[in-house]
Amino acid sequence: MPVKKAGTGTGFSAPPSDISPMLATLVDKPFDSDDWLYEVKWDGYRCIAYVLQGQTELRSRNNKSFNEKFYPLYDAFKAWKMNVILDGEIVVVNEQGISDFGALQNWRSEADGSLLFYAFDILWLGDENLMSLPLTERRKRLAAIIPAKGIIRLSETFDAKGTELFSLADKLHLEGIIAKKRDSIYLPGKRTKEWLKIKTERRQEAVIGGYTINENTPKPFSALLLGVYEGNDFHFICPVGTGFSVSKQKEILQKLTPFDQCPFLHEPDYNKPSRFRPNPPKADVVWVKPDVVVEISYTEETKDGAIRHPSFKGFREDKNAKDVKREVAEQTQPVVSKIEAQQKEKLMKQPAKAERKTLLNPTEETQTRPVQKHDLKFTNLSKVFWPEEGYTKRDMINYYYQVAPYMLPYMKDRPQTLNRFPNGIYGKSFYQKDVTGKVPDWINTYGYYSNGDKREKQFLVCTDEASLLYIASLGCIEMNPWSSKTQTPDNPDWCIIDLDPDGNPFEEVIEAARVIKNVLDAIKVKAFCKTSGSTGIHIYIPLGAQYDYEASKEFGRALMKIVHNEIPSFTSIERLTEKRKGKLYLDFLQNRPQATVAAPYSLRPKPGATVSMPLDWSEVKQGLKMQDFTIRTAIPRLKETGDLFKGVLGKGIDMEKALQKMKSVFK
């Protein structure tokens, strides 16, 4: 992209690549005028988005790249097929659509909140510089290109009373409003009085110059010493000792560089007595290099300019320390013109229900994520689990995070046989049933006597999303739940028929599945099918935990005898492989205590990262391929079809009635 820096002029024949955004002047009161447009002041990071000649770049106010940090926005802009430069704000919004600066500070992946880009100005489109056009015309061009859906959105303007909009913003706990002259042109890098900002809460950016440590304090530090620049001189403005947890304090200290002298022009009296603290504790001071910018809120300023009750809000990584000045609100000029009030609904467009995207960001090798009040640590995330496709452990965990709402009904409260692949599908794997003393305290377990080992074992029990993701974190590519729950351990919720080919063509598997469907239809038994994700097909018959495993197994046996009689040329019900003579195995022996098959929506340790995918019976026909359902295609399919398997957990069959029907129909 062309490298042309934008200063305060607008005459560019080629698109610039280093624009300093136009800035607003702080004023003390809202006002009403029909010469101005009003919009929300979003509490986020200012960003210039460049999409030029097939290249995309997201830049902060101090010209740092946001490409990696906010990768979903980068990917969204990358898909645009136009030359355009936008000015906007990167925010994380809560369920009410209100921007949350704290959530933005902590954002690492899409699991941390709804990340949005609110575009409020357009500077370039196609081969045309738009900066000299009036704001109203630029807004028309902007509205015409912003998609109706997605994470790039139009920041609405309001033909409303500024005073009423400000009052509403205050009630909704927004940061404030912006007022812009309708005919204002865009002046890069200039703080103009044709753009005004009015804040609902007093804020000030500041630079850390040191910190104090009170005698006998258990905290990493007691207060930060903050300052601002006046020219090249660094002036102390206030200490701030509230607004951060101990963990945030540790994070702050990691960003600071010790300095061998006081960086302030005049050394502050950081421990002076006050009427609230006449005998302050002894405190040591540590000076630091003044290059870390933060933002504070406060209640008021005294007549001599002192800041009262400051509180830490967060880092401002998008600002240069030398650009941080004391911001004093100017008086707002009264305006007499009145305009029509705007409805509240237009102000707060509720964001569409957030799609579940990714839990883990694409760069950090080790990440800790809060999931249902548990901090889950994920490691070795770049380890390749599927070498041919390059899919990693990170991809696997992100998949299970996305599919969890669909998969949990078939995992919840079921003991698990863990099949661990710490080094991917071609590495050495191992089964783990007993997790005694090897899992966190919050993980549920289920004691079960093993006849083989002659001892009690503790199976891991999946109870929720956190435990499902914990299983994935162990390198369990596939999920293997029991057919019964801990509440009814001897009574399975379904009877499984596993069509297990022994080198048979998949067309024969499909034909056997269709024959089973015909038999079940004849005896009026409903069943559900899914790909195994490997080479076969699984057919589930709902039992509703009404019968024990022995009854389930014998029902499967009776059913498979009938099916085998229908297609004896290529099927077998022989348990021993050598007796099958290469025929398709109609396996009903999965209906035993502790026997498992891959859960619905489970990944499989097979090339292509295939998924055990529920099907509509109409899909079970020639042309069906296992490779149609993979880590990449499963989620888009689910968004279209929903959960096709949920009937498995509905009312169970009447087994006695079904067996009687079987005898009468198939004599």
# chains A, B, ... in the order shown; residues from 1 in each chain; ligands from 1
$ residues_around --residues "Ala599 (chain A)" --least-positions-apart "6" --cutoff "7 Å" --atoms "only C-alpha atoms" --output "PyMOL selection string"
chain A and resi 410+479-481
$ residues_around --residues "region 365-367 of chain A" --least-positions-apart "5" --cutoff "7 Å" --atoms "only C-alpha atoms" --output "PyMOL selection string"
chain A and resi 377-382
$ closest_residue --among "A:Lys373, A:Lys282, A:Arg592, A:Lys667" --to "Glu215 (chain A)" --atoms "only C-alpha atoms"
A:Lys282
$ residues_around --residues "Phe528 (chain A)" --least-positions-apart "3" --cutoff "10 Å" --atoms "only C-alpha atoms" --output "ChimeraX atom specification"
/A:496,517,538-542,614-617,644-648
$ closest_residue --among "A:Lys81, A:His173, A:Lys313, A:Lys69" --to "Gly241 (chain A)" --atoms "only C-alpha atoms"
A:Lys313
$ residues_around --residues "region 629-635 of chain A" --least-positions-apart "6" --cutoff "7 Å" --atoms "only C-alpha atoms" --output "list in words"
Tyr399, Val403, Gly608, Ala609, Thr610, Val611 and Met613 of chain A
$ write_last_selection --atoms "N, CA and C atoms" --output "short mmCIF file (atom, residue, chain, number, x, y, z; two decimals), in the first residue's frame"
data_model
loop_
_atom_site.label_atom_id
_atom_site.label_comp_id
_atom_site.auth_asym_id
_atom_site.auth_seq_id
_atom_site.Cartn_x
_atom_site.Cartn_y
_atom_site.Cartn_z
N TYR A 399 -12.81 -25.84 18.12
CA TYR A 399 -13.95 -26.59 17.58
C TYR A 399 -14.87 -27.05 18.72
N VAL A 403 -18.80 -26.23 19.30
CA VAL A 403 -19.81 -27.28 19.18
C VAL A 403 -20.41 -27.67 20.53
N GLY A 608 -8.01 -35.70 7.74
CA GLY A 608 -9.12 -34.82 7.38
C GLY A 608 -9.86 -34.24 8.56
N ALA A 609 -9.55 -34.72 9.79
CA ALA A 609 -10.24 -34.25 11.00
C ALA A 609 -11.74 -34.39 10.84
N THR A 610 -12.15 -35.62 10.52
CA THR A 610 -13.57 -35.90 10.32
C THR A 610 -14.34 -35.87 11.63
N VAL A 611 -15.65 -35.71 11.51
CA VAL A 611 -16.55 -35.55 12.65
C VAL A 611 -17.62 -36.64 12.59
N MET A 613 -20.97 -37.16 12.58
CA MET A 613 -22.01 -36.16 12.31
C MET A 613 -23.41 -36.78 12.18
#
$ select_by_dssp --residues "region 29-253 of chain A" --states "strand (DSSP E or B)" --output "count of residues only"
95
